[in-house]
Amino acid sequence: MLVDMTTIQVDGLGRSYGEFEAVRDVSFTVEQGELFALLGRNGAGKTTTVEVLAGFRPAGRGTVRVLGLDPVADRARMRRRTGIMLQEAGFFPDLTVAQTVDAWRDFVAAPRSRDEALELAGLGAKADTRVRQLSGGEKRRLDLALAVLNRPDVLFLDEPTTGMDPEARKNTWQVIRDLAGQGTTILLTTHYLDEAQRLASTMAIMDRGTIVASGGMAETLAAQAGRVAFELPAEVSPQDLPVPVTAVEGRTAVCRVEDPDLAAQTLLGWAGERGVRLRGLEVRTATLEDLFLDLAGNAGNAGTAPEETPVKDSAKSEAA
C-alpha cells in the first residue's frame with residue numbers, strides 16, 4: 001500500500017534530438033491518486049515527456065522520478081509497479097484476444113485473471129476473436145487490458161480512446177475513473193479536450209517543448225473568461241450591444257467575459273427593452289478548449305515544432 005507521496009516528480013526536464021529541443025525546462029508533480037492530463041498540439045513535447053517518464057528514453061537534462069525511482073536506472077523495478085498504454089501497440093495478429101492476455105500474463109507478477117482483465121476493458125465477448133479482426137478501438141481496449149494486468153501504482157495513458165466509438169469511450173472513462181478512485185496515479189495525454197476536462201483533476205499544457213499553463217483543472221478554468229454567443233440580429237451591429245463583442249463568426253456574435261451569466265442578463269434586458277430577439281443564445285463558463293485555443297492563438301505566429309515520433313512499447317517487444 002502506498003503512503004501519501006509525490007508519485008511523479010519532473011524538475012527541469014530537457015530532451016534534444018540533434019539540434020532540435022523537443023522538451024525544454026519542463027517541471028511538474030503528480031501526487032498519489034491524481035489523474036493528471038498532459039496536453040498540447042502535435043510536436044508540443046508530450047510524447048517525449050511520457051517516454052522519458054516510462055524509461056524508454058533518458059532525460060537529457062534535469063531529473064525525473066517515478067515512485068521515487070529513476071525510470072532508466074531503475075527500470076526493472078519501476079516496470080513492476082507501472083502500466084503504460086502508448087499510441088502504437090504491437091500485437092500478434094493471429095492470436096485471439098484471450099491468448100494475447102494469457103501470453104502477457106506470463107511476464108507479470110501476480111497478474112489479474114484473464115477474465116477480470118477482459119471484463120475491465122469491455123472485451124469479454126471478444127475473448128475468442130483474433131486480434132487482426134478487432135477494430136481500432138477494440139485494439140485500444142486490449143492495450144488497456146494489458147496495461148493494467150499488474151494492478152499498477154502508476155498508469156501512463158497516451159491517447160487511450162483513439163478509434164473508440166462514443167459508448168466505448170464512456171465505458172473507458174469509467175474504468176479510468178475507477179482506477180484513480182482505487183489510488184492509481186494516472187498521467188493522461190489526449191487530443192480530446194472534453195475527455196481531459198471530464199477526467200483530470202490537474203493538468204499542464206505544453207507548447208514547443210515548454211509548459212505554458214498548469215494547475216488544478218477546476219481552478220484554472222474558473223480563472224478564464226466565459227462565453228456568451230448568439231445570432232446577431234440583422235438590424236443590430238456589434239457596436240450597438242451593451243456587452244463588448246470579441247468576435248463575430250458568420251452571424252454569431254461571441255462575447256468572452258468573466259461573468260457570462262451577468263453578461264447574458266444584461267443582453268436579455270437590453271434586447272427586451274428594444275423588442276429584439278437574441279436567437280441561439282448560448283451561455284457557458286470557460287472550457288479547456290477555450291483555454292487551449294487561446295494559448296494556441298497566442299503562439300500561432302511562432303511556428304510549429306516537428307511532430308514527435310512515438311516509440312513502440314519495447315516491453316512488448318522484449319516479451320515477444
# chains A, B, ... in the order shown; residues from 1 in each chain; ligands from 1
call {"tool": "closest_atom_pairs", "arguments": {"of": "region 27-112 of chain A", "to": "region 145-150 of chain A", "cutoff": "6 Å", "atoms": "only C-alpha atoms", "output": "tab-separated table"}}
result
residue	atom	partner	partner_atom	distance
A:Gly83	CA	A:Ala147	CA	4.6
A:Ile84	CA	A:Ala147	CA	5.3
A:Met85	CA	A:Ala147	CA	5.9
A:Pro111	CA	A:Asn150	CA	4.8
A:Arg112	CA	A:Leu149	CA	5.2
call {"tool": "write_last_selection", "arguments": {"atoms": "N, CA and C atoms", "output": "short mmCIF file (atom, residue, chain, number, x, y, z; two decimals), in the first residue's frame"}}
result
data_model
loop_
_atom_site.label_atom_id
_atom_site.label_comp_id
_atom_site.auth_asym_id
_atom_site.auth_seq_id
_atom_site.Cartn_x
_atom_site.Cartn_y
_atom_site.Cartn_z
N GLY A 83 2.08 0.74 -15.41
CA GLY A 83 1.48 0.24 -16.64
C GLY A 83 1.53 1.35 -17.67
N ILE A 84 1.57 0.98 -18.95
CA ILE A 84 1.66 2.00 -19.99
C ILE A 84 0.87 1.59 -21.22
N MET A 85 0.22 2.56 -21.78
CA MET A 85 -0.57 2.39 -23.00
C MET A 85 -0.08 3.46 -23.97
N PRO A 111 -0.59 -11.29 -11.68
CA PRO A 111 -1.46 -10.55 -12.59
C PRO A 111 -2.94 -10.75 -12.27
N ARG A 112 -3.75 -9.86 -12.80
CA ARG A 112 -5.19 -10.08 -12.79
C ARG A 112 -5.49 -11.34 -13.58
#
call {"tool": "residues_around", "arguments": {"residues": "Thr190 (chain A)", "least_positions_apart": "5", "cutoff": "9 Å", "atoms": "only C-alpha atoms", "output": "MDAnalysis selection string"}}
result
chainID A and resid 37:40 157:162 195:196
call {"tool": "closest_residue", "arguments": {"among": "A:Val10, A:Leu142, A:Leu67, A:Met217", "to": "Arg80 (chain A)", "atoms": "only C-alpha atoms"}}
result
A:Leu67
call {"tool": "atom_distance", "arguments": {"atom1": "CA of Ala125 (chain A)", "atom2": "CA of Phe92 (chain A)"}}
result
19.2 Å
call {"tool": "closest_residue", "arguments": {"among": "A:Ala168, A:Val212, A:Val245, A:Ala109", "to": "Val26 (chain A)", "atoms": "only C-alpha atoms"}}
result
A:Val212
call {"tool": "closest_residue", "arguments": {"among": "A:Lys139, A:Lys46, A:Arg227, A:Arg169", "to": "Leu118 (chain A)", "atoms": "only C-alpha atoms"}}
result
A:Lys139
call {"tool": "residues_around", "arguments": {"residues": "Leu267 (chain A)", "least_positions_apart": "3", "cutoff": "12 Å", "atoms": "only C-alpha atoms", "output": "ChimeraX atom specification"}}
result
/A:228-230,232,238,240-245,253,255,260-264,270-279,281-283
call {"tool": "closest_residue", "arguments": {"among": "A:Leu193, A:Leu35, A:Ala225, A:Val97", "to": "Gly124 (chain A)", "atoms": "only C-alpha atoms"}}
result
A:Val97
call {"tool": "select_by_dssp", "arguments": {"residues": "region 63-258 of chain A", "states": "alpha helix (DSSP H)", "output": "JSON, numbers by chain"}}
result
{"A": [75, 76, 77, 78, 79, 97, 98, 99, 100, 101, 102, 103, 104, 105, 114, 115, 116, 117, 118, 119, 120, 136, 137, 138, 139, 140, 141, 142, 143, 144, 145, 146, 147, 166, 167, 168, 169, 170, 171, 172, 173, 174, 175, 176, 177, 178, 179, 180, 181, 193, 194, 195, 196, 197, 198, 199, 217, 218, 219, 220, 221, 222]}
call {"tool": "atom_distance", "arguments": {"atom1": "CA of Leu123 (chain A)", "atom2": "CA of Glu138 (chain A)"}}
result
7.6 Å
call {"tool": "atom_distance", "arguments": {"atom1": "CA of Leu95 (chain A)", "atom2": "CA of Arg77 (chain A)"}}
result
29.0 Å
call {"tool": "closest_residue", "arguments": {"among": "A:Gly181, A:Pro93, A:Pro166, A:Gly12", "to": "Phe28 (chain A)", "atoms": "only C-alpha atoms"}}
result
A:Gly12
call {"tool": "closest_residue", "arguments": {"among": "A:Arg132, A:Arg140, A:Arg177, A:Arg15", "to": "Asp165 (chain A)", "atoms": "only C-alpha atoms"}}
result
A:Arg140
call {"tool": "residues_around", "arguments": {"residues": "Gln9 (chain A)", "least_positions_apart": "5", "cutoff": "7 Å", "atoms": "only C-alpha atoms", "output": "PyMOL selection string"}}
result
chain A and resi 28-30+64-66
call {"tool": "write_last_selection", "arguments": {"atoms": "N, CA, C and O atoms", "output": "CSV table (one decimal), in the first residue's frame"}}
result
chain,number,residue,atom,x,y,z
A,28,PHE,N,6.9,19.5,-13.3
A,28,PHE,CA,5.6,19.3,-12.8
A,28,PHE,C,5.6,18.2,-11.8
A,28,PHE,O,6.6,17.4,-11.8
A,29,THR,N,4.6,18.1,-10.9
A,29,THR,CA,4.5,17.0,-10.0
A,29,THR,C,3.1,16.4,-10.1
A,29,THR,O,2.1,17.1,-10.5
A,30,VAL,N,3.0,15.1,-9.8
A,30,VAL,CA,1.7,14.4,-9.8
A,30,VAL,C,1.7,13.7,-8.5
A,30,VAL,O,2.5,12.8,-8.2
A,64,VAL,N,14.1,13.2,-13.3
A,64,VAL,CA,12.8,12.6,-13.3
A,64,VAL,C,12.7,11.5,-12.4
A,64,VAL,O,13.6,10.6,-12.3
A,65,ARG,N,11.7,11.4,-11.6
A,65,ARG,CA,11.5,10.3,-10.6
A,65,ARG,C,10.0,9.9,-10.7
A,65,ARG,O,9.1,10.7,-10.7
A,66,VAL,N,9.8,8.6,-10.7
A,66,VAL,CA,8.5,7.9,-10.7
A,66,VAL,C,8.5,7.0,-9.5
A,66,VAL,O,9.4,6.0,-9.5
call {"tool": "select_by_dssp", "arguments": {"residues": "region 11-119 of chain A", "states": "strand (DSSP E or B)", "output": "JSON, numbers by chain"}}
result
{"A": [11, 12, 13, 14, 15, 16, 17, 20, 21, 22, 23, 24, 25, 26, 27, 28, 29, 30, 31, 35, 36, 37, 38, 39, 40, 61, 62, 63, 64, 65, 66, 69, 82, 83, 84, 85, 96]}
call {"tool": "decode", "arguments": {"residues": "region 271-292 of chain A", "atoms": "N, CA, C and O atoms", "output": "compact mmCIF listing (two decimals), in the first residue's frame"}}
result
# COMPACT_ATOMS: atom_id res chain seq x y z
N ALA A 271 -32.18 43.60 -24.94
CA ALA A 271 -33.00 43.12 -26.06
C ALA A 271 -34.49 43.29 -25.76
O ALA A 271 -35.28 43.66 -26.64
N GLY A 272 -34.90 43.02 -24.51
CA GLY A 272 -36.30 43.15 -24.15
C GLY A 272 -36.79 44.59 -24.27
O GLY A 272 -37.91 44.84 -24.73
N GLU A 273 -35.96 45.54 -23.88
CA GLU A 273 -36.35 46.94 -23.98
C GLU A 273 -36.54 47.39 -25.42
O GLU A 273 -37.33 48.30 -25.70
N ARG A 274 -35.86 46.75 -26.34
CA ARG A 274 -35.90 47.15 -27.75
C ARG A 274 -36.74 46.21 -28.61
O ARG A 274 -36.80 46.39 -29.84
N GLY A 275 -37.31 45.19 -28.00
CA GLY A 275 -38.11 44.25 -28.78
C GLY A 275 -37.28 43.42 -29.74
O GLY A 275 -37.77 42.99 -30.79
N VAL A 276 -36.03 43.18 -29.37
CA VAL A 276 -35.11 42.40 -30.21
C VAL A 276 -35.01 40.99 -29.65
O VAL A 276 -34.92 40.80 -28.43
N ARG A 277 -35.00 39.99 -30.53
CA ARG A 277 -34.86 38.60 -30.09
C ARG A 277 -33.44 38.11 -30.36
O ARG A 277 -32.94 38.25 -31.48
N LEU A 278 -32.81 37.56 -29.33
CA LEU A 278 -31.47 37.00 -29.47
C LEU A 278 -31.59 35.49 -29.67
O LEU A 278 -31.76 34.73 -28.72
N ARG A 279 -31.54 35.06 -30.91
CA ARG A 279 -31.71 33.64 -31.22
C ARG A 279 -30.42 32.86 -30.93
O ARG A 279 -29.32 33.37 -31.10
N GLY A 280 -30.59 31.59 -30.55
CA GLY A 280 -29.45 30.70 -30.33
C GLY A 280 -28.55 31.13 -29.20
O GLY A 280 -27.34 30.88 -29.24
N LEU A 281 -29.13 31.75 -28.18
CA LEU A 281 -28.31 32.25 -27.08
C LEU A 281 -27.63 31.09 -26.35
O LEU A 281 -28.28 30.14 -25.91
N GLU A 282 -26.33 31.18 -26.22
CA GLU A 282 -25.52 30.16 -25.53
C GLU A 282 -24.71 30.83 -24.44
O GLU A 282 -24.02 31.83 -24.69
N VAL A 283 -24.81 30.30 -23.24
CA VAL A 283 -24.08 30.86 -22.10
C VAL A 283 -23.32 29.72 -21.42
O VAL A 283 -23.92 28.71 -21.03
N ARG A 284 -22.02 29.87 -21.28
CA ARG A 284 -21.26 28.81 -20.60
C ARG A 284 -19.99 29.39 -19.98
O ARG A 284 -19.44 30.39 -20.45
N THR A 285 -19.54 28.71 -18.96
CA THR A 285 -18.26 29.05 -18.36
C THR A 285 -17.14 28.56 -19.27
O THR A 285 -17.37 27.85 -20.25
N ALA A 286 -15.92 28.94 -18.93
CA ALA A 286 -14.79 28.58 -19.77
C ALA A 286 -14.59 27.07 -19.82
O ALA A 286 -14.83 26.36 -18.84
N THR A 287 -14.16 26.58 -20.97
CA THR A 287 -13.83 25.18 -21.13
C THR A 287 -12.34 25.04 -21.40
O THR A 287 -11.64 26.02 -21.71
N LEU A 288 -11.88 23.82 -21.31
CA LEU A 288 -10.47 23.56 -21.61
C LEU A 288 -10.17 23.89 -23.06
O LEU A 288 -9.08 24.36 -23.38
N GLU A 289 -11.14 23.68 -23.94
CA GLU A 289 -10.93 24.03 -25.35
C GLU A 289 -10.70 25.53 -25.51
O GLU A 289 -9.85 25.95 -26.29
N ASP A 290 -11.46 26.35 -24.77
CA ASP A 290 -11.26 27.80 -24.83
C ASP A 290 -9.83 28.16 -24.44
O ASP A 290 -9.15 28.94 -25.11
N LEU A 291 -9.37 27.60 -23.31
CA LEU A 291 -8.02 27.88 -22.84
C LEU A 291 -6.99 27.41 -23.85
O LEU A 291 -6.04 28.13 -24.18
N PHE A 292 -7.18 26.21 -24.37
CA PHE A 292 -6.23 25.63 -25.31
C PHE A 292 -6.13 26.50 -26.57
O PHE A 292 -5.04 26.80 -27.06
